[in-house]
file entry.pdb (PDB, C-alpha atoms)
ATOM      1  CA  MET A   1     -30.278 -12.164  -6.018
ATOM      2  CA  VAL A   2     -31.406  -9.547  -3.474
ATOM      3  CA  LYS A   3     -30.199 -11.754  -0.627
ATOM      4  CA  GLN A   4     -26.814 -12.219  -2.330
ATOM      5  CA  GLU A   5     -26.429  -8.484  -2.843
ATOM      6  CA  ARG A   6     -27.313  -7.858   0.810
ATOM      7  CA  ALA A   7     -24.751 -10.448   1.904
ATOM      8  CA  ALA A   8     -22.084  -8.856  -0.307
ATOM      9  CA  ARG A   9     -22.793  -5.417   1.170
ATOM     10  CA  THR A  10     -22.577  -6.835   4.676
ATOM     11  CA  ARG A  11     -19.218  -8.452   3.922
ATOM     12  CA  GLU A  12     -17.909  -5.183   2.500
ATOM     13  CA  SER A  13     -19.037  -3.234   5.559
ATOM     14  CA  LEU A  14     -17.404  -5.824   7.804
ATOM     15  CA  VAL A  15     -14.096  -5.644   5.937
ATOM     16  CA  LEU A  16     -14.128  -1.843   6.213
ATOM     17  CA  ALA A  17     -15.063  -1.944   9.897
ATOM     18  CA  ALA A  18     -12.377  -4.532  10.586
ATOM     19  CA  ALA A  19      -9.780  -2.407   8.800
ATOM     20  CA  GLU A  20     -10.711   0.619  10.897
ATOM     21  CA  VAL A  21     -10.466  -1.360  14.129
ATOM     22  CA  PHE A  22      -7.225  -3.120  13.150
ATOM     23  CA  ALA A  23      -5.658   0.193  12.109
ATOM     24  CA  ALA A  24      -6.659   1.861  15.371
ATOM     25  CA  GLU A  25      -6.077  -0.941  17.875
ATOM     26  CA  GLY A  26      -3.851  -3.563  16.272
ATOM     27  CA  PHE A  27      -4.751  -7.197  15.682
ATOM     28  CA  ALA A  28      -4.423  -8.472  19.268
ATOM     29  CA  ALA A  29      -6.556  -5.738  20.858
ATOM     30  CA  ALA A  30      -9.225  -5.743  18.154
ATOM     31  CA  SER A  31     -12.359  -7.652  19.064
ATOM     32  CA  ILE A  32     -15.233  -9.119  17.102
ATOM     33  CA  ALA A  33     -17.572  -7.081  19.297
ATOM     34  CA  ALA A  34     -15.846  -3.815  18.330
ATOM     35  CA  ILE A  35     -15.882  -4.745  14.652
ATOM     36  CA  SER A  36     -19.534  -5.760  14.677
ATOM     37  CA  GLU A  37     -20.498  -2.555  16.512
ATOM     38  CA  ARG A  38     -18.639  -0.414  14.008
ATOM     39  CA  ALA A  39     -20.265  -2.264  11.100
ATOM     40  CA  GLY A  40     -23.714  -2.029  12.696
ATOM     41  CA  VAL A  41     -24.346  -5.767  12.772
ATOM     42  CA  THR A  42     -24.453  -8.451  15.429
ATOM     43  CA  SER A  43     -21.439 -10.530  16.432
ATOM     44  CA  GLY A  44     -23.346 -13.521  15.096
ATOM     45  CA  ALA A  45     -23.501 -11.877  11.679
ATOM     46  CA  VAL A  46     -19.719 -11.432  11.742
ATOM     47  CA  GLN A  47     -19.241 -15.121  12.539
ATOM     48  CA  PHE A  48     -21.676 -16.060   9.766
ATOM     49  CA  HIS A  49     -19.593 -14.281   7.121
ATOM     50  CA  PHE A  50     -16.086 -14.781   8.525
ATOM     51  CA  ASP A  51     -14.584 -17.634  10.480
ATOM     52  CA  GLY A  52     -13.129 -15.472  13.239
ATOM     53  CA  LYS A  53     -10.778 -12.513  13.468
ATOM     54  CA  PRO A  54      -7.929 -14.059  11.409
ATOM     55  CA  ALA A  55     -10.294 -14.533   8.470
ATOM     56  CA  LEU A  56     -11.311 -10.884   8.697
ATOM     57  CA  ALA A  57      -7.656  -9.839   8.751
ATOM     58  CA  ARG A  58      -6.971 -11.946   5.670
ATOM     59  CA  ALA A  59      -9.910 -10.321   3.891
ATOM     60  CA  VAL A  60      -8.526  -6.872   4.723
ATOM     61  CA  GLU A  61      -5.096  -7.845   3.404
ATOM     62  CA  ALA A  62      -6.581  -9.310   0.228
ATOM     63  CA  ARG A  63      -8.469  -6.060  -0.423
ATOM     64  CA  ALA A  64      -5.293  -4.060   0.183
ATOM     65  CA  ALA A  65      -3.338  -6.283  -2.207
ATOM     66  CA  ARG A  66      -5.929  -5.702  -4.942
ATOM     67  CA  ALA A  67      -5.650  -1.942  -4.402
ATOM     68  CA  LEU A  68      -1.870  -2.126  -4.834
ATOM     69  CA  ARG A  69      -2.256  -4.142  -8.027
ATOM     70  CA  ARG A  70      -4.532  -1.416  -9.386
ATOM     71  CA  ILE A  71      -1.731   1.116  -8.932
ATOM     72  CA  ALA A  72       0.606  -1.043 -11.007
ATOM     73  CA  GLU A  73      -2.064  -1.510 -13.678
ATOM     74  CA  ALA A  74      -2.816   2.223 -13.753
ATOM     75  CA  GLU A  75       0.851   3.125 -14.194
ATOM     76  CA  GLY A  76       1.144   0.665 -17.083
ATOM     77  CA  GLU A  77       4.186  -1.025 -18.563
ATOM     78  CA  PRO A  78       7.299   1.174 -18.318
ATOM     79  CA  GLU A  79       8.099   0.721 -22.000
ATOM     80  CA  SER A  80       4.737   2.200 -22.994
ATOM     81  CA  ALA A  81       4.024   4.527 -20.054
ATOM     82  CA  GLY A  82       7.405   6.279 -20.088
ATOM     83  CA  ALA A  83      10.812   5.852 -18.538
ATOM     84  CA  PRO A  84      10.779   3.135 -15.831
ATOM     85  CA  LEU A  85      12.127   5.439 -13.134
ATOM     86  CA  LYS A  86       9.411   8.011 -13.835
ATOM     87  CA  VAL A  87       6.835   5.230 -13.593
ATOM     88  CA  LEU A  88       8.296   4.296 -10.214
ATOM     89  CA  VAL A  89       8.338   7.883  -8.943
ATOM     90  CA  ASP A  90       4.713   8.348 -10.006
ATOM     91  CA  ALA A  91       3.774   5.053  -8.346
ATOM     92  CA  THR A  92       5.247   6.140  -5.010
ATOM     93  CA  TYR A  93       3.062   9.239  -5.042
ATOM     94  CA  ALA A  94       0.041   7.100  -5.913
ATOM     95  CA  LEU A  95       0.853   4.695  -3.081
ATOM     96  CA  LEU A  96       1.214   7.529  -0.594
ATOM     97  CA  GLU A  97      -2.153   8.961  -1.634
ATOM     98  CA  LEU A  98      -3.705   5.523  -1.308
ATOM     99  CA  LEU A  99      -2.282   5.072   2.200
ATOM    100  CA  ALA A 100      -3.724   8.436   3.208
ATOM    101  CA  ALA A 101      -7.164   7.820   1.684
ATOM    102  CA  ASP A 102      -7.820   4.097   2.179
ATOM    103  CA  VAL A 103      -7.925   2.680   5.696
ATOM    104  CA  VAL A 104      -8.059  -0.854   4.274
ATOM    105  CA  VAL A 105      -4.632  -0.368   2.693
ATOM    106  CA  ARG A 106      -3.237   1.199   5.882
ATOM    107  CA  ALA A 107      -4.588  -1.693   7.921
ATOM    108  CA  GLY A 108      -3.209  -4.208   5.431
ATOM    109  CA  PHE A 109       0.319  -2.853   5.823
ATOM    110  CA  ALA A 110      -0.085  -2.668   9.607
ATOM    111  CA  LEU A 111      -1.279  -6.278   9.784
ATOM    112  CA  GLY A 112       1.727  -7.396   7.781
ATOM    113  CA  ALA A 113       4.008  -5.944  10.455
ATOM    114  CA  ASP A 114       1.905  -7.091  13.431
ATOM    115  CA  ALA A 115       3.604  -9.904  15.357
ATOM    116  CA  ALA A 116       0.234 -11.024  16.731
ATOM    117  CA  HIS A 117      -1.103 -11.828  13.254
ATOM    118  CA  GLN A 118       0.173 -14.502  10.884
ATOM    119  CA  SER A 119      -0.076 -12.671   7.601
ATOM    120  CA  LEU A 120      -0.545 -14.620   4.386
ATOM    121  CA  VAL A 121      -0.085 -11.563   2.142
ATOM    122  CA  ASP A 122       3.239  -9.723   1.901
ATOM    123  CA  LEU A 123       2.211  -6.236   0.793
ATOM    124  CA  ARG A 124       5.688  -4.781   1.241
ATOM    125  CA  GLY A 125       7.053  -7.714  -0.733
ATOM    126  CA  GLN A 126       4.504  -7.028  -3.459
ATOM    127  CA  CYS A 127       5.732  -3.422  -3.655
ATOM    128  CA  ARG A 128       9.362  -4.530  -3.570
ATOM    129  CA  VAL A 129       8.972  -7.036  -6.416
ATOM    130  CA  TRP A 130       7.308  -4.443  -8.653
ATOM    131  CA  ALA A 131       9.956  -1.843  -7.772
ATOM    132  CA  GLU A 132      12.688  -4.389  -8.533
ATOM    133  CA  GLU A 133      11.134  -5.092 -11.930
ATOM    134  CA  LEU A 134      11.124  -1.375 -12.758
ATOM    135  CA  MET A 135      14.685  -0.952 -11.507
ATOM    136  CA  ALA A 136      15.796  -3.949 -13.593
ATOM    137  CA  THR A 137      14.164  -2.378 -16.650
ATOM    138  CA  ALA A 138      15.982   0.869 -15.901
ATOM    139  CA  ASP A 139      19.256  -1.028 -15.464
ATOM    140  CA  ARG A 140      18.873  -2.766 -18.840
ATOM    141  CA  ALA A 141      18.311   0.657 -20.395
ATOM    142  CA  GLY A 142      21.530   1.931 -18.824
ATOM    143  CA  LEU A 143      19.737   4.412 -16.565
ATOM    144  CA  LEU A 144      21.011   3.294 -13.156
ATOM    145  CA  ALA A 145      24.197   4.466 -11.535
ATOM    146  CA  GLU A 146      27.194   2.270 -12.315
ATOM    147  CA  GLY A 147      27.491  -0.644  -9.875
ATOM    148  CA  LEU A 148      24.045  -0.102  -8.341
ATOM    149  CA  ALA A 149      22.086  -3.342  -7.966
ATOM    150  CA  PRO A 150      18.410  -2.967  -8.956
ATOM    151  CA  GLN A 151      17.377  -4.975  -5.863
ATOM    152  CA  ASP A 152      19.214  -2.585  -3.525
ATOM    153  CA  ALA A 153      17.705   0.494  -5.163
ATOM    154  CA  ALA A 154      14.226  -1.023  -4.958
ATOM    155  CA  ARG A 155      14.598  -1.792  -1.245
ATOM    156  CA  VAL A 156      15.566   1.812  -0.541
ATOM    157  CA  VAL A 157      12.520   3.114  -2.413
ATOM    158  CA  VAL A 158      10.115   0.730  -0.639
ATOM    159  CA  ALA A 159      11.630   1.533   2.753
ATOM    160  CA  PHE A 160      11.278   5.295   2.539
ATOM    161  CA  THR A 161       7.838   5.155   0.913
ATOM    162  CA  ALA A 162       6.426   2.831   3.576
ATOM    163  CA  GLY A 163       7.961   4.893   6.378
ATOM    164  CA  LEU A 164       6.580   8.268   5.349
ATOM    165  CA  LYS A 165       3.204   7.825   7.044
ATOM    166  CA  ALA A 166       4.999   7.449  10.376
ATOM    167  CA  LEU A 167       7.084  10.537   9.648
ATOM    168  CA  GLY A 168       3.941  12.545   8.948
ATOM    169  CA  ALA A 169       2.483  11.491  12.303
ATOM    170  CA  VAL A 170       5.601  12.633  14.174
ATOM    171  CA  GLU A 171       6.112  15.853  12.229
ATOM    172  CA  PRO A 172       2.625  16.975  11.097
ATOM    173  CA  GLU A 173       3.965  20.235   9.653
ATOM    174  CA  TRP A 174       5.978  18.154   7.147
ATOM    175  CA  THR A 175       3.388  16.255   5.152
ATOM    176  CA  PRO A 176       4.234  12.853   3.672
ATOM    177  CA  ARG A 177       3.790  14.206   0.142
ATOM    178  CA  GLN A 178       6.250  17.023   0.790
ATOM    179  CA  ALA A 179       8.610  14.555   2.441
ATOM    180  CA  LEU A 180       8.414  12.248  -0.565
ATOM    181  CA  GLY A 181       9.398  15.035  -2.935
ATOM    182  CA  ARG A 182      12.341  16.010  -0.757
ATOM    183  CA  ILE A 183      13.523  12.427  -0.386
ATOM    184  CA  TRP A 184      13.344  11.818  -4.128
ATOM    185  CA  THR A 185      15.366  15.009  -4.659
ATOM    186  CA  VAL A 186      18.109  13.526  -2.496
ATOM    187  CA  VAL A 187      17.852   9.873  -3.577
ATOM    188  CA  LEU A 188      17.204  10.099  -7.298
ATOM    189  CA  PRO A 189      20.597  11.553  -8.302
ATOM    190  CA  GLY A 190      22.245   8.560  -6.614
ATOM    191  CA  ILE A 191      20.028   6.133  -8.514
ATOM    192  CA  ALA A 192      20.039   7.887 -11.875
ATOM    193  CA  PRO A 193      22.919  10.415 -12.070
ATOM    194  CA  ASP A 194      21.926  11.481 -15.588
ATOM    195  CA  GLY A 195      18.465  12.603 -14.485
ATOM    196  CA  ALA A 196      16.370   9.787 -15.919
ATOM    197  CA  ALA A 197      13.276  10.873 -13.960
ATOM    198  CA  THR A 198      11.900  13.954 -12.246
ATOM    199  CA  THR A 199      10.197  14.735  -8.952
ATOM    200  CA  GLU A 200       7.843  17.267 -10.512
ATOM    201  CA  GLN A 201       4.864  15.916  -8.545
ATOM    202  CA  GLU A 202       6.445  17.499  -5.479
ATOM    203  CA  THR A 203       5.049  20.856  -6.550
ATOM    204  CA  ASP A 204       1.632  19.648  -7.785
TER     205      ASP A 204
END

call {"tool": "encode", "arguments": {"input": "entry.pdb", "output": "structure tokens"}}
result
Amino acid sequence: MVKQERAARTRESLVLAAAEVFAAEGFAAASIAAISERAGVTSGAVQFHFDGKPALARAVEARAARALRRIAEAEGEPESAGAPLKVLVDATYALLELLAADVVVRAGFALGADAAHQSLVDLRGQCRVWAEELMATADRAGLLAEGLAPQDAARVVVAFTAGLKALGAVEPEWTPRQALGRIWTVVLPGIAPDGAATTEQETD
């Protein structure tokens, strides 16, 4: 049991170290040596737990996917948690906070867009599908603007949410959270003209 717990801790430290290296250097430039050094283990220990760099990248993406699922579970079903558009607005703030706080999630998204890595997990697709489900629920409730396709609205939301970390890096005086509130102020009236949700988190 002790040996299993030690092995589990080593795997966790390797996934975290790999995420940090992937996020900083990209998949192609990242090396097993750099990951093992950051995790404080030998390169042999890395190879014992993971069959090379692609396996480490997949483990990072799997961890990121689980973190995204937890956001959806925390927000709950739109019928019970509140209006579907409010659930979606709240989820975008939660995702932004997760991207800022969790390097594994940041690395997971970066790996998904890295041409050097063949990703098996579509994190943006995972976000898009959930957003589409919420938009479809809102559409059935008559909350969306007339003629607006739920899929199109969901793609807009996923695009601006995923791009805000880059905006924060370019314009540090305009934080991603502030940017999100401002974008929702502009976008939401086009999605729900009757004010089906609020951007009150902007001032939290």

call {"tool": "closest_residue", "arguments": {"input": "entry.pdb", "among": "A:Leu120, A:Val89, A:Ala64, A:Ala113", "to": "Trp184 (chain A)", "atoms": "only C-alpha atoms"}}
result
A:Val89

call {"tool": "residues_around", "arguments": {"input": "entry.pdb", "residues": "Ala159 (chain A)", "least_positions_apart": "2", "cutoff": "12 Å", "atoms": "all atoms listed in the file", "output": "list of chain:residue names"}}
result
A:Thr92, A:Arg124, A:Gly125, A:Cys127, A:Arg128, A:Ala131, A:Asp152, A:Ala153, A:Ala154, A:Arg155, A:Val156, A:Val157, A:Thr161, A:Ala162, A:Gly163, A:Leu164, A:Lys165, A:Ala166, A:Leu180, A:Ile183

call {"tool": "resolve_selection", "arguments": {"input": "entry.pdb", "expression": "the PyMOL selection byres ((chain A and resi 54) around 12)", "output": "JSON, numbers by chain"}}
result
{"A": [15, 18, 22, 27, 28, 30, 31, 32, 47, 50, 51, 52, 53, 55, 56, 57, 58, 59, 60, 61, 111, 116, 117, 118, 119, 120]}

call {"tool": "write_last_selection", "arguments": {"input": "entry.pdb", "atoms": "C-alpha atoms", "output": "compact mmCIF listing (two decimals), in the coordinates of the input"}}
result
# COMPACT_ATOMS: atom_id res chain seq x y z
CA VAL A 15 -14.10 -5.64 5.94
CA ALA A 18 -12.38 -4.53 10.59
CA PHE A 22 -7.22 -3.12 13.15
CA PHE A 27 -4.75 -7.20 15.68
CA ALA A 28 -4.42 -8.47 19.27
CA ALA A 30 -9.22 -5.74 18.15
CA SER A 31 -12.36 -7.65 19.06
CA ILE A 32 -15.23 -9.12 17.10
CA GLN A 47 -19.24 -15.12 12.54
CA PHE A 50 -16.09 -14.78 8.52
CA ASP A 51 -14.58 -17.63 10.48
CA GLY A 52 -13.13 -15.47 13.24
CA LYS A 53 -10.78 -12.51 13.47
CA ALA A 55 -10.29 -14.53 8.47
CA LEU A 56 -11.31 -10.88 8.70
CA ALA A 57 -7.66 -9.84 8.75
CA ARG A 58 -6.97 -11.95 5.67
CA ALA A 59 -9.91 -10.32 3.89
CA VAL A 60 -8.53 -6.87 4.72
CA GLU A 61 -5.10 -7.84 3.40
CA LEU A 111 -1.28 -6.28 9.78
CA ALA A 116 0.23 -11.02 16.73
CA HIS A 117 -1.10 -11.83 13.25
CA GLN A 118 0.17 -14.50 10.88
CA SER A 119 -0.08 -12.67 7.60
CA LEU A 120 -0.55 -14.62 4.39

call {"tool": "axis_aligned_box", "arguments": {"input": "entry.pdb", "around": "region 137-141 of chain A", "padding_each_side": "3 Å", "output": "AutoDock Vina command-line options"}}
result
--center_x 16.7 --center_y -0.9 --center_z -17.9 --size_x 11.1 --size_y 9.6 --size_z 10.9

call {"tool": "residues_around", "arguments": {"input": "entry.pdb", "residues": "region 133-148 of chain A", "least_positions_apart": "2", "cutoff": "8 Å", "atoms": "all atoms listed in the file", "output": "CSV table (one decimal) with C-alpha atoms, keeping the file's coordinate frame"}}
result
chain,number,residue,atom,x,y,z
A,78,PRO,CA,7.3,1.2,-18.3
A,83,ALA,CA,10.8,5.9,-18.5
A,84,PRO,CA,10.8,3.1,-15.8
A,85,LEU,CA,12.1,5.4,-13.1
A,87,VAL,CA,6.8,5.2,-13.6
A,88,LEU,CA,8.3,4.3,-10.2
A,129,VAL,CA,9.0,-7.0,-6.4
A,130,TRP,CA,7.3,-4.4,-8.7
A,131,ALA,CA,10.0,-1.8,-7.8
A,150,PRO,CA,18.4,-3.0,-9.0
A,151,GLN,CA,17.4,-5.0,-5.9
A,152,ASP,CA,19.2,-2.6,-3.5
A,153,ALA,CA,17.7,0.5,-5.2
A,154,ALA,CA,14.2,-1.0,-5.0
A,190,GLY,CA,22.2,8.6,-6.6
A,191,ILE,CA,20.0,6.1,-8.5
A,192,ALA,CA,20.0,7.9,-11.9
A,193,PRO,CA,22.9,10.4,-12.1
A,194,ASP,CA,21.9,11.5,-15.6
A,196,ALA,CA,16.4,9.8,-15.9
